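Trainee: Just one file: structure_24.cif, with mmCIF, C-alpha atoms.
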data_query
#
loop_
_atom_site.group_PDB
_atom_site.id
_atom_site.type_symbol
_atom_site.label_atom_id
_atom_site.label_comp_id
_atom_site.auth_asym_id
_atom_site.auth_seq_id
_atom_site.Cartn_x
_atom_site.Cartn_y
_atom_site.Cartn_z
ATOM 1 C CA MET K 1 7.574 7.476 20.887
ATOM 2 C CA GLY K 2 10.414 5.171 21.807
ATOM 3 C CA VAL K 3 12.012 5.078 18.340
ATOM 4 C CA ARG K 4 13.942 7.981 16.874
ATOM 5 C CA LEU K 5 13.639 8.695 13.185
ATOM 6 C CA ASN K 6 16.768 9.381 11.184
ATOM 7 C CA ASP K 7 16.492 13.125 10.513
ATOM 8 C CA MET K 8 18.661 12.800 7.402
ATOM 9 C CA PHE K 9 16.055 10.927 5.333
ATOM 10 C CA LYS K 10 15.928 11.983 1.676
ATOM 11 C CA ALA K 11 12.861 10.130 0.371
ATOM 12 C CA VAL K 12 9.480 8.982 1.625
ATOM 13 C CA LEU K 13 7.860 5.986 -0.067
ATOM 14 C CA PHE K 14 4.079 5.931 0.297
ATOM 15 C CA ASP K 15 1.839 2.918 -0.056
ATOM 16 C CA MET K 16 -1.373 3.837 -1.910
ATOM 17 C CA ASP K 17 -4.518 2.099 -0.639
ATOM 18 C CA GLY K 18 -5.325 3.175 2.899
ATOM 19 C CA VAL K 19 -2.470 5.715 2.810
ATOM 20 C CA ILE K 20 -2.892 7.998 -0.212
ATOM 21 C CA TYR K 21 -6.517 7.063 -0.837
ATOM 22 C CA ASP K 22 -9.198 6.079 1.673
ATOM 23 C CA SER K 23 -9.984 3.188 -0.631
ATOM 24 C CA MET K 24 -9.839 0.121 1.579
ATOM 25 C CA PRO K 25 -13.566 -0.005 2.486
ATOM 26 C CA HIS K 26 -14.338 -0.152 -1.264
ATOM 27 C CA HIS K 27 -11.683 -2.800 -1.817
ATOM 28 C CA ALA K 28 -13.027 -4.904 1.052
ATOM 29 C CA ILE K 29 -16.538 -4.961 -0.412
ATOM 30 C CA ALA K 30 -15.216 -5.724 -3.906
ATOM 31 C CA TRP K 31 -13.017 -8.564 -2.659
ATOM 32 C CA GLU K 32 -15.774 -10.198 -0.623
ATOM 33 C CA THR K 33 -18.449 -10.048 -3.337
ATOM 34 C CA SER K 34 -16.158 -10.962 -6.226
ATOM 35 C CA MET K 35 -14.517 -13.954 -4.576
ATOM 36 C CA SER K 36 -17.892 -15.201 -3.355
ATOM 37 C CA SER K 37 -19.157 -15.202 -6.950
ATOM 38 C CA TYR K 38 -16.349 -17.641 -7.803
ATOM 39 C CA GLY K 39 -16.924 -19.806 -4.725
ATOM 40 C CA LEU K 40 -13.972 -18.528 -2.679
ATOM 41 C CA ARG K 41 -14.304 -17.236 0.867
ATOM 42 C CA MET K 42 -12.768 -13.835 1.514
ATOM 43 C CA SER K 43 -14.298 -11.688 4.225
ATOM 44 C CA GLN K 44 -13.937 -7.929 4.363
ATOM 45 C CA ALA K 45 -11.584 -8.416 7.324
ATOM 46 C CA ASP K 46 -9.455 -10.724 5.138
ATOM 47 C CA ALA K 47 -9.083 -7.870 2.637
ATOM 48 C CA TYR K 48 -7.203 -5.903 5.294
ATOM 49 C CA ARG K 49 -5.069 -8.898 6.273
ATOM 50 C CA TYR K 50 -4.002 -9.550 2.671
ATOM 51 C CA GLU K 51 -3.697 -5.863 1.805
ATOM 52 C CA GLY K 52 -0.476 -4.981 0.028
ATOM 53 C CA MET K 53 -0.121 -8.303 -1.791
ATOM 54 C CA ARG K 54 -0.578 -8.185 -5.557
ATOM 55 C CA GLY K 55 -4.189 -9.023 -6.380
ATOM 56 C CA VAL K 56 -3.411 -12.044 -8.557
ATOM 57 C CA GLU K 57 -1.139 -13.421 -5.828
ATOM 58 C CA THR K 58 -3.923 -13.028 -3.261
ATOM 59 C CA ILE K 59 -6.319 -14.962 -5.473
ATOM 60 C CA LYS K 60 -3.793 -17.742 -6.110
ATOM 61 C CA HIS K 61 -3.162 -17.971 -2.359
ATOM 62 C CA LEU K 62 -6.886 -18.314 -1.632
ATOM 63 C CA ALA K 63 -7.259 -21.002 -4.309
ATOM 64 C CA ARG K 64 -4.367 -23.006 -2.876
ATOM 65 C CA GLU K 65 -5.877 -22.855 0.599
ATOM 66 C CA GLN K 66 -9.493 -23.521 -0.322
ATOM 67 C CA TRP K 67 -9.373 -25.467 -3.589
ATOM 68 C CA GLN K 68 -5.960 -27.141 -3.141
ATOM 69 C CA ARG K 69 -4.950 -26.279 -6.675
ATOM 70 C CA GLU K 70 -2.756 -23.803 -8.491
ATOM 71 C CA LEU K 71 -4.559 -21.267 -10.657
ATOM 72 C CA THR K 72 -3.076 -20.281 -13.987
ATOM 73 C CA ASP K 73 -2.072 -16.657 -14.483
ATOM 74 C CA GLU K 74 -5.015 -16.295 -16.846
ATOM 75 C CA GLU K 75 -7.536 -17.639 -14.329
ATOM 76 C CA ALA K 76 -6.260 -15.415 -11.550
ATOM 77 C CA GLN K 77 -6.211 -12.364 -13.840
ATOM 78 C CA GLU K 78 -9.802 -12.969 -14.937
ATOM 79 C CA MET K 79 -10.902 -13.080 -11.297
ATOM 80 C CA TYR K 80 -8.880 -9.981 -10.445
ATOM 81 C CA ASP K 81 -10.456 -8.132 -13.378
ATOM 82 C CA ASP K 82 -13.877 -8.954 -11.923
ATOM 83 C CA LYS K 83 -12.802 -7.667 -8.510
ATOM 84 C CA SER K 84 -11.417 -4.498 -10.140
ATOM 85 C CA ALA K 85 -14.679 -3.849 -11.960
ATOM 86 C CA ARG K 86 -16.625 -4.181 -8.713
ATOM 87 C CA PHE K 87 -14.230 -1.732 -7.063
ATOM 88 C CA ALA K 88 -14.580 0.802 -9.876
ATOM 89 C CA ALA K 89 -18.375 0.551 -9.777
ATOM 90 C CA GLN K 90 -18.387 2.008 -6.263
ATOM 91 C CA GLY K 91 -17.179 5.378 -7.482
ATOM 92 C CA PRO K 92 -13.962 7.310 -6.861
ATOM 93 C CA ALA K 93 -12.080 6.863 -3.595
ATOM 94 C CA GLN K 94 -11.326 10.030 -1.655
ATOM 95 C CA LYS K 95 -7.839 11.222 -0.794
ATOM 96 C CA MET K 96 -6.772 10.261 2.713
ATOM 97 C CA GLU K 97 -7.260 13.244 5.001
ATOM 98 C CA GLY K 98 -4.000 15.111 5.541
ATOM 99 C CA VAL K 99 -1.885 13.197 3.017
ATOM 100 C CA GLU K 100 -1.692 15.991 0.446
ATOM 101 C CA HIS K 101 -0.624 18.497 3.116
ATOM 102 C CA LEU K 102 2.065 16.063 4.239
ATOM 103 C CA MET K 103 3.331 15.673 0.664
ATOM 104 C CA GLN K 104 3.417 19.443 0.199
ATOM 105 C CA HIS K 105 5.501 19.733 3.373
ATOM 106 C CA LEU K 106 7.883 17.038 2.122
ATOM 107 C CA LYS K 107 8.269 18.722 -1.286
ATOM 108 C CA ALA K 108 8.969 22.082 0.346
ATOM 109 C CA ALA K 109 11.689 20.390 2.412
ATOM 110 C CA GLY K 110 13.308 18.966 -0.730
ATOM 111 C CA ILE K 111 12.410 15.375 0.091
ATOM 112 C CA THR K 112 11.663 13.015 -2.802
ATOM 113 C CA ILE K 113 8.213 11.389 -2.799
ATOM 114 C CA GLY K 114 7.695 7.904 -4.205
ATOM 115 C CA VAL K 115 4.749 5.519 -4.359
ATOM 116 C CA VAL K 116 5.115 1.766 -3.811
ATOM 117 C CA THR K 117 1.866 -0.154 -4.157
ATOM 118 C CA GLY K 118 0.805 -3.717 -4.848
ATOM 119 C CA SER K 119 -2.224 -2.374 -6.675
ATOM 120 C CA GLY K 120 -3.036 -2.932 -10.308
ATOM 121 C CA GLN K 121 -6.187 -0.823 -9.976
ATOM 122 C CA HIS K 122 -6.145 1.506 -12.995
ATOM 123 C CA THR K 123 -8.989 3.630 -11.605
ATOM 124 C CA LEU K 124 -6.571 4.825 -8.907
ATOM 125 C CA LEU K 125 -3.159 4.491 -10.534
ATOM 126 C CA ASP K 126 -4.067 6.397 -13.694
ATOM 127 C CA HIS K 127 -5.079 9.506 -11.754
ATOM 128 C CA LEU K 128 -2.306 9.841 -9.186
ATOM 129 C CA GLU K 129 -0.327 12.474 -11.099
ATOM 130 C CA GLU K 130 -3.333 14.637 -11.949
ATOM 131 C CA GLU K 131 -4.870 14.422 -8.479
ATOM 132 C CA PHE K 132 -1.545 15.239 -6.778
ATOM 133 C CA PRO K 133 -0.097 17.745 -9.289
ATOM 134 C CA GLY K 134 3.567 18.478 -8.825
ATOM 135 C CA LEU K 135 3.782 15.977 -5.965
ATOM 136 C CA LEU K 136 3.572 12.526 -7.552
ATOM 137 C CA HIS K 137 5.330 11.429 -10.741
ATOM 138 C CA LYS K 138 4.964 8.176 -12.679
ATOM 139 C CA GLU K 139 8.703 7.627 -12.902
ATOM 140 C CA LEU K 140 8.817 7.448 -9.086
ATOM 141 C CA MET K 141 6.019 4.889 -8.765
ATOM 142 C CA VAL K 142 6.221 1.123 -8.284
ATOM 143 C CA THR K 143 2.987 -0.781 -8.969
ATOM 144 C CA ALA K 144 1.818 -4.369 -9.405
ATOM 145 C CA PHE K 145 2.969 -4.159 -13.020
ATOM 146 C CA ASP K 146 6.603 -3.462 -12.111
ATOM 147 C CA VAL K 147 7.495 -6.535 -10.042
ATOM 148 C CA THR K 148 6.984 -10.282 -10.235
ATOM 149 C CA GLN K 149 7.193 -10.700 -6.466
ATOM 150 C CA GLY K 150 4.964 -8.269 -4.617
ATOM 151 C CA LYS K 151 4.664 -7.447 -0.934
ATOM 152 C CA PRO K 152 5.435 -8.986 1.561
ATOM 153 C CA ALA K 153 8.640 -9.643 -0.427
ATOM 154 C CA PRO K 154 11.033 -6.675 -0.284
ATOM 155 C CA ASP K 155 11.203 -6.347 -4.081
ATOM 156 C CA PRO K 156 8.718 -3.444 -4.489
ATOM 157 C CA TYR K 157 10.461 -1.318 -1.865
ATOM 158 C CA LEU K 158 13.908 -2.194 -3.200
ATOM 159 C CA MET K 159 12.729 -0.965 -6.598
ATOM 160 C CA GLY K 160 11.316 2.134 -4.890
ATOM 161 C CA LEU K 161 14.777 2.860 -3.500
ATOM 162 C CA ARG K 162 16.306 2.498 -6.965
ATOM 163 C CA LYS K 163 13.723 4.785 -8.575
ATOM 164 C CA THR K 164 14.156 7.506 -5.948
ATOM 165 C CA GLY K 165 17.937 7.112 -5.941
ATOM 166 C CA VAL K 166 18.402 6.683 -2.181
ATOM 167 C CA SER K 167 19.741 3.983 0.114
ATOM 168 C CA ALA K 168 17.600 2.147 2.653
ATOM 169 C CA ASP K 169 18.882 4.256 5.542
ATOM 170 C CA GLU K 170 17.961 7.451 3.666
ATOM 171 C CA ALA K 171 14.301 6.500 3.216
ATOM 172 C CA VAL K 172 11.096 6.233 5.229
ATOM 173 C CA VAL K 173 8.125 4.072 4.268
ATOM 174 C CA VAL K 174 4.572 5.129 5.122
ATOM 175 C CA GLU K 175 2.394 2.021 5.266
ATOM 176 C CA ASN K 176 -0.924 0.906 6.699
ATOM 177 C CA ALA K 177 -0.892 -2.843 6.017
ATOM 178 C CA PRO K 178 0.903 -5.604 7.926
ATOM 179 C CA LEU K 179 2.226 -7.219 4.731
ATOM 180 C CA GLY K 180 3.442 -3.846 3.521
ATOM 181 C CA VAL K 181 5.249 -3.245 6.795
ATOM 182 C CA ARG K 182 6.890 -6.659 6.472
ATOM 183 C CA ALA K 183 8.058 -5.779 2.949
ATOM 184 C CA ALA K 184 9.475 -2.428 4.059
ATOM 185 C CA LYS K 185 11.406 -3.963 6.948
ATOM 186 C CA ALA K 186 12.689 -6.786 4.717
ATOM 187 C CA ALA K 187 14.111 -4.033 2.487
ATOM 188 C CA GLY K 188 15.806 -2.501 5.540
ATOM 189 C CA ILE K 189 13.759 0.713 5.590
ATOM 190 C CA PHE K 190 12.379 2.644 8.580
ATOM 191 C CA CYS K 191 8.608 2.102 8.595
ATOM 192 C CA LEU K 192 6.084 4.628 9.869
ATOM 193 C CA ALA K 193 2.711 2.859 9.973
ATOM 194 C CA VAL K 194 -0.519 4.852 9.827
ATOM 195 C CA ASN K 195 -3.277 2.566 11.078
ATOM 196 C CA THR K 196 -6.202 3.750 8.981
ATOM 197 C CA GLY K 197 -8.073 0.420 9.067
ATOM 198 C CA PRO K 198 -9.742 -1.895 11.607
ATOM 199 C CA LEU K 199 -6.715 -4.008 12.540
ATOM 200 C CA PRO K 200 -5.130 -3.478 15.975
ATOM 201 C CA ASP K 201 -1.901 -1.466 16.163
ATOM 202 C CA GLN K 202 -0.173 -4.608 17.397
ATOM 203 C CA ALA K 203 -0.713 -6.259 13.997
ATOM 204 C CA LEU K 204 1.589 -3.584 12.535
ATOM 205 C CA TYR K 205 4.102 -3.697 15.363
ATOM 206 C CA ASP K 206 4.243 -7.491 15.039
ATOM 207 C CA GLU K 207 5.493 -7.095 11.458
ATOM 208 C CA GLY K 208 8.212 -4.667 12.544
ATOM 209 C CA ALA K 209 6.661 -1.191 12.291
ATOM 210 C CA ASP K 210 8.965 1.305 13.993
ATOM 211 C CA ILE K 211 6.201 3.756 14.884
ATOM 212 C CA VAL K 212 2.408 3.413 14.594
ATOM 213 C CA VAL K 213 0.106 6.447 14.457
ATOM 214 C CA LYS K 214 -3.568 6.930 13.616
ATOM 215 C CA THR K 215 -3.636 9.916 11.248
ATOM 216 C CA MET K 216 -1.608 11.647 8.564
ATOM 217 C CA ALA K 217 -1.346 14.697 10.818
ATOM 218 C CA GLU K 218 0.381 12.516 13.418
ATOM 219 C CA ALA K 219 2.619 11.053 10.703
ATOM 220 C CA GLU K 220 3.614 14.562 9.629
ATOM 221 C CA LYS K 221 4.500 15.434 13.209
ATOM 222 C CA VAL K 222 6.685 12.328 13.498
ATOM 223 C CA LEU K 223 8.489 13.064 10.237
ATOM 224 C CA PHE K 224 9.221 16.709 10.989
ATOM 225 C CA ASP K 225 9.275 17.002 14.781
ATOM 226 C CA ASN K 226 10.574 13.684 16.071
ATOM 227 C CA ASN K 227 14.215 14.727 16.222
ATOM 228 C CA LYS K 228 13.816 18.353 17.164
#
Represent the supplied structure as structure tokens.
Mentor:
Amino acid sequence: MGVRLNDMFKAVLFDMDGVIYDSMPHHAIAWETSMSSYGLRMSQADAYRYEGMRGVETIKHLAREQWQRELTDEEAQEMYDDKSARFAAQGPAQKMEGVEHLMQHLKAAGITIGVVTGSGQHTLLDHLEEEFPGLLHKELMVTAFDVTQGKPAPDPYLMGLRKTGVSADEAVVVENAPLGVRAAKAAGIFCLAVNTGPLPDQALYDEGADIVVKTMAEAEKVLFDNNK
């Protein structure tokens, strides 16, 4: 694949939307309809471009661009709550195919599993431990509530390193979003991108992804076979 993975990695940090859950189609619909109700333009394609950024930051960014004004935290939170309700109304998102098998393989190999997400979506976050029993643990998760600067800043992944107790060169990030890839690389971490959405692979490579694959099965092969 052109890039060799450090076979001494001790932790894998997973993004959530589009990586752990096949939730991005639901998010895209919720973003488009919610922002339209407030008079902001955000297409479903834009949802993938902004994916990884904290929701309130996305809304403030859109308001700056389209309304030329700065929203208060309260205004942005109200709009994000509306978007969240529209997401929840679509029903539960399914686990990404192959991700649980990959996590089981990692656990069996003694590799720590963390979650680093820009999401504040309680309908997903509140069920991670119970839906991935013995694999995911709250104390090893970084969410929108844990940082003031979300992706694409490195802060969430730097906190992920602290929570899992490893250095940047001992970790691998599994991402699907360009802004998430940028955050991982800014934190100095090897980034394995799984392109589960409609963006071209090049959009992930352009942000610094070390390897881009299409499925979790391919990601598992990279993680366990790349240096054999």
Trainee: Residues near K:Phe132, anyone? I mean within 12 Å using all atoms listed in the file, not counting same-chain ones fewer than 6 positions away, as an NGL selection string.
Mentor: :K and (20-21 or 95-96 or 99-104 or 107 or 113 or 115 or 124-126 or 138)
Trainee: Could you state the separation of atom CA of K:Gly150 and atom CA of K:Trp31 in Å, given to one decimal place?
Mentor: 18.1 Å
Trainee: I would like the residues chosen by the PyMOL selection byres ((chain K and resi 58-63) around 10) on the shown file; could you give them as an NGL selection string?
Mentor: :K and (31 or 35 or 39-42 or 47 or 50-57 or 64-73 or 75-77 or 79-80)
Trainee: Please dump the current selection as a PDB file, in the frame of the given file; keep C-alpha atoms.
Mentor:
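The result, stored in again36.pdb:
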ATOM      1  CA  TRP K  31     -13.017  -8.564  -2.659  1.00  0.00           C
ATOM      2  CA  MET K  35     -14.517 -13.954  -4.576  1.00  0.00           C
ATOM      3  CA  GLY K  39     -16.924 -19.806  -4.725  1.00  0.00           C
ATOM      4  CA  LEU K  40     -13.972 -18.528  -2.679  1.00  0.00           C
ATOM      5  CA  ARG K  41     -14.304 -17.236   0.867  1.00  0.00           C
ATOM      6  CA  MET K  42     -12.768 -13.835   1.514  1.00  0.00           C
ATOM      7  CA  ALA K  47      -9.083  -7.870   2.637  1.00  0.00           C
ATOM      8  CA  TYR K  50      -4.002  -9.550   2.671  1.00  0.00           C
ATOM      9  CA  GLU K  51      -3.697  -5.863   1.805  1.00  0.00           C
ATOM     10  CA  GLY K  52      -0.476  -4.981   0.028  1.00  0.00           C
ATOM     11  CA  MET K  53      -0.121  -8.303  -1.791  1.00  0.00           C
ATOM     12  CA  ARG K  54      -0.578  -8.185  -5.557  1.00  0.00           C
ATOM     13  CA  GLY K  55      -4.189  -9.023  -6.380  1.00  0.00           C
ATOM     14  CA  VAL K  56      -3.411 -12.044  -8.557  1.00  0.00           C
ATOM     15  CA  GLU K  57      -1.139 -13.421  -5.828  1.00  0.00           C
ATOM     16  CA  ARG K  64      -4.367 -23.006  -2.876  1.00  0.00           C
ATOM     17  CA  GLU K  65      -5.877 -22.855   0.599  1.00  0.00           C
ATOM     18  CA  GLN K  66      -9.493 -23.521  -0.322  1.00  0.00           C
ATOM     19  CA  TRP K  67      -9.373 -25.467  -3.589  1.00  0.00           C
ATOM     20  CA  GLN K  68      -5.960 -27.141  -3.141  1.00  0.00           C
ATOM     21  CA  ARG K  69      -4.950 -26.279  -6.675  1.00  0.00           C
ATOM     22  CA  GLU K  70      -2.756 -23.803  -8.491  1.00  0.00           C
ATOM     23  CA  LEU K  71      -4.559 -21.267 -10.657  1.00  0.00           C
ATOM     24  CA  THR K  72      -3.076 -20.281 -13.987  1.00  0.00           C
ATOM     25  CA  ASP K  73      -2.072 -16.657 -14.483  1.00  0.00           C
ATOM     26  CA  GLU K  75      -7.536 -17.639 -14.329  1.00  0.00           C
ATOM     27  CA  ALA K  76      -6.260 -15.415 -11.550  1.00  0.00           C
ATOM     28  CA  GLN K  77      -6.211 -12.364 -13.840  1.00  0.00           C
ATOM     29  CA  MET K  79     -10.902 -13.080 -11.297  1.00  0.00           C
ATOM     30  CA  TYR K  80      -8.880  -9.981 -10.445  1.00  0.00           C
TER      31      TYR K  80
END
Trainee: Would you tabulate, counting only C-alpha atoms, all residues of stretch 116-135 of chain K that have an atom at most 12 Å from an atom of stretch 183-194 of chain K, showing the closest pair of atoms and their distance in Å to one decimal, sorted by chain then ascending number, as JSON lines?
Mentor:
{"residue": "K:Val116", "atom": "CA", "partner": "K:Ala184", "partner_atom": "CA", "distance": 9.9}
{"residue": "K:Thr117", "atom": "CA", "partner": "K:Ala183", "partner_atom": "CA", "distance": 11.0}
{"residue": "K:Gly118", "atom": "CA", "partner": "K:Ala183", "partner_atom": "CA", "distance": 10.8}
Trainee: Closest to K:Ile29 among K:Met159, K:Ala89, K:Met8, K:Leu13, using all atoms listed in the file?
Mentor: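 Answer, going by the shortest atom-to-atom distance: K:Ala89.
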Trainee: Rank nothing, just name the residue among K:Pro198, K:Gly165, K:Gly134, K:Gly120 nearest to K:Pro25, using all atoms listed in the file.
Mentor: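 Residue with the minimum atom-to-atom distance to K:Pro25: K:Pro198.
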Trainee: So, with only C-alpha atoms as the atoms that count, which of K:Met16, K:Ala203, K:Ala28, K:Leu106 lies closest to K:Val142?
Mentor: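 With only C-alpha atoms as the atom set, the closest residue is K:Met16.
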Trainee: Quick one: of K:His26, K:Ala144, K:Phe224, K:Gln44, who's nearest to K:Ala88, counting all atoms listed in the file?
Mentor: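 Ranking K:His26, K:Ala144, K:Phe224, K:Gln44 by distance to K:Ala88, first place goes to K:His26.
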Trainee: Show me as a list of chain:residue names the residues that reach within 8 Å of (5.2, -3.9, 5.6), counting all atoms listed in the file and using the file's own coordinates.
Mentor: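 Checking each residue against the 8 Å limit leaves K:Lys151, K:Pro152, K:Glu175, K:Asn176, K:Ala177, K:Pro178, K:Leu179, K:Gly180, K:Val181, K:Arg182, K:Ala183, K:Ala184, K:Lys185, K:Cys191, K:Leu204, K:Glu207, K:Gly208, K:Ala209.
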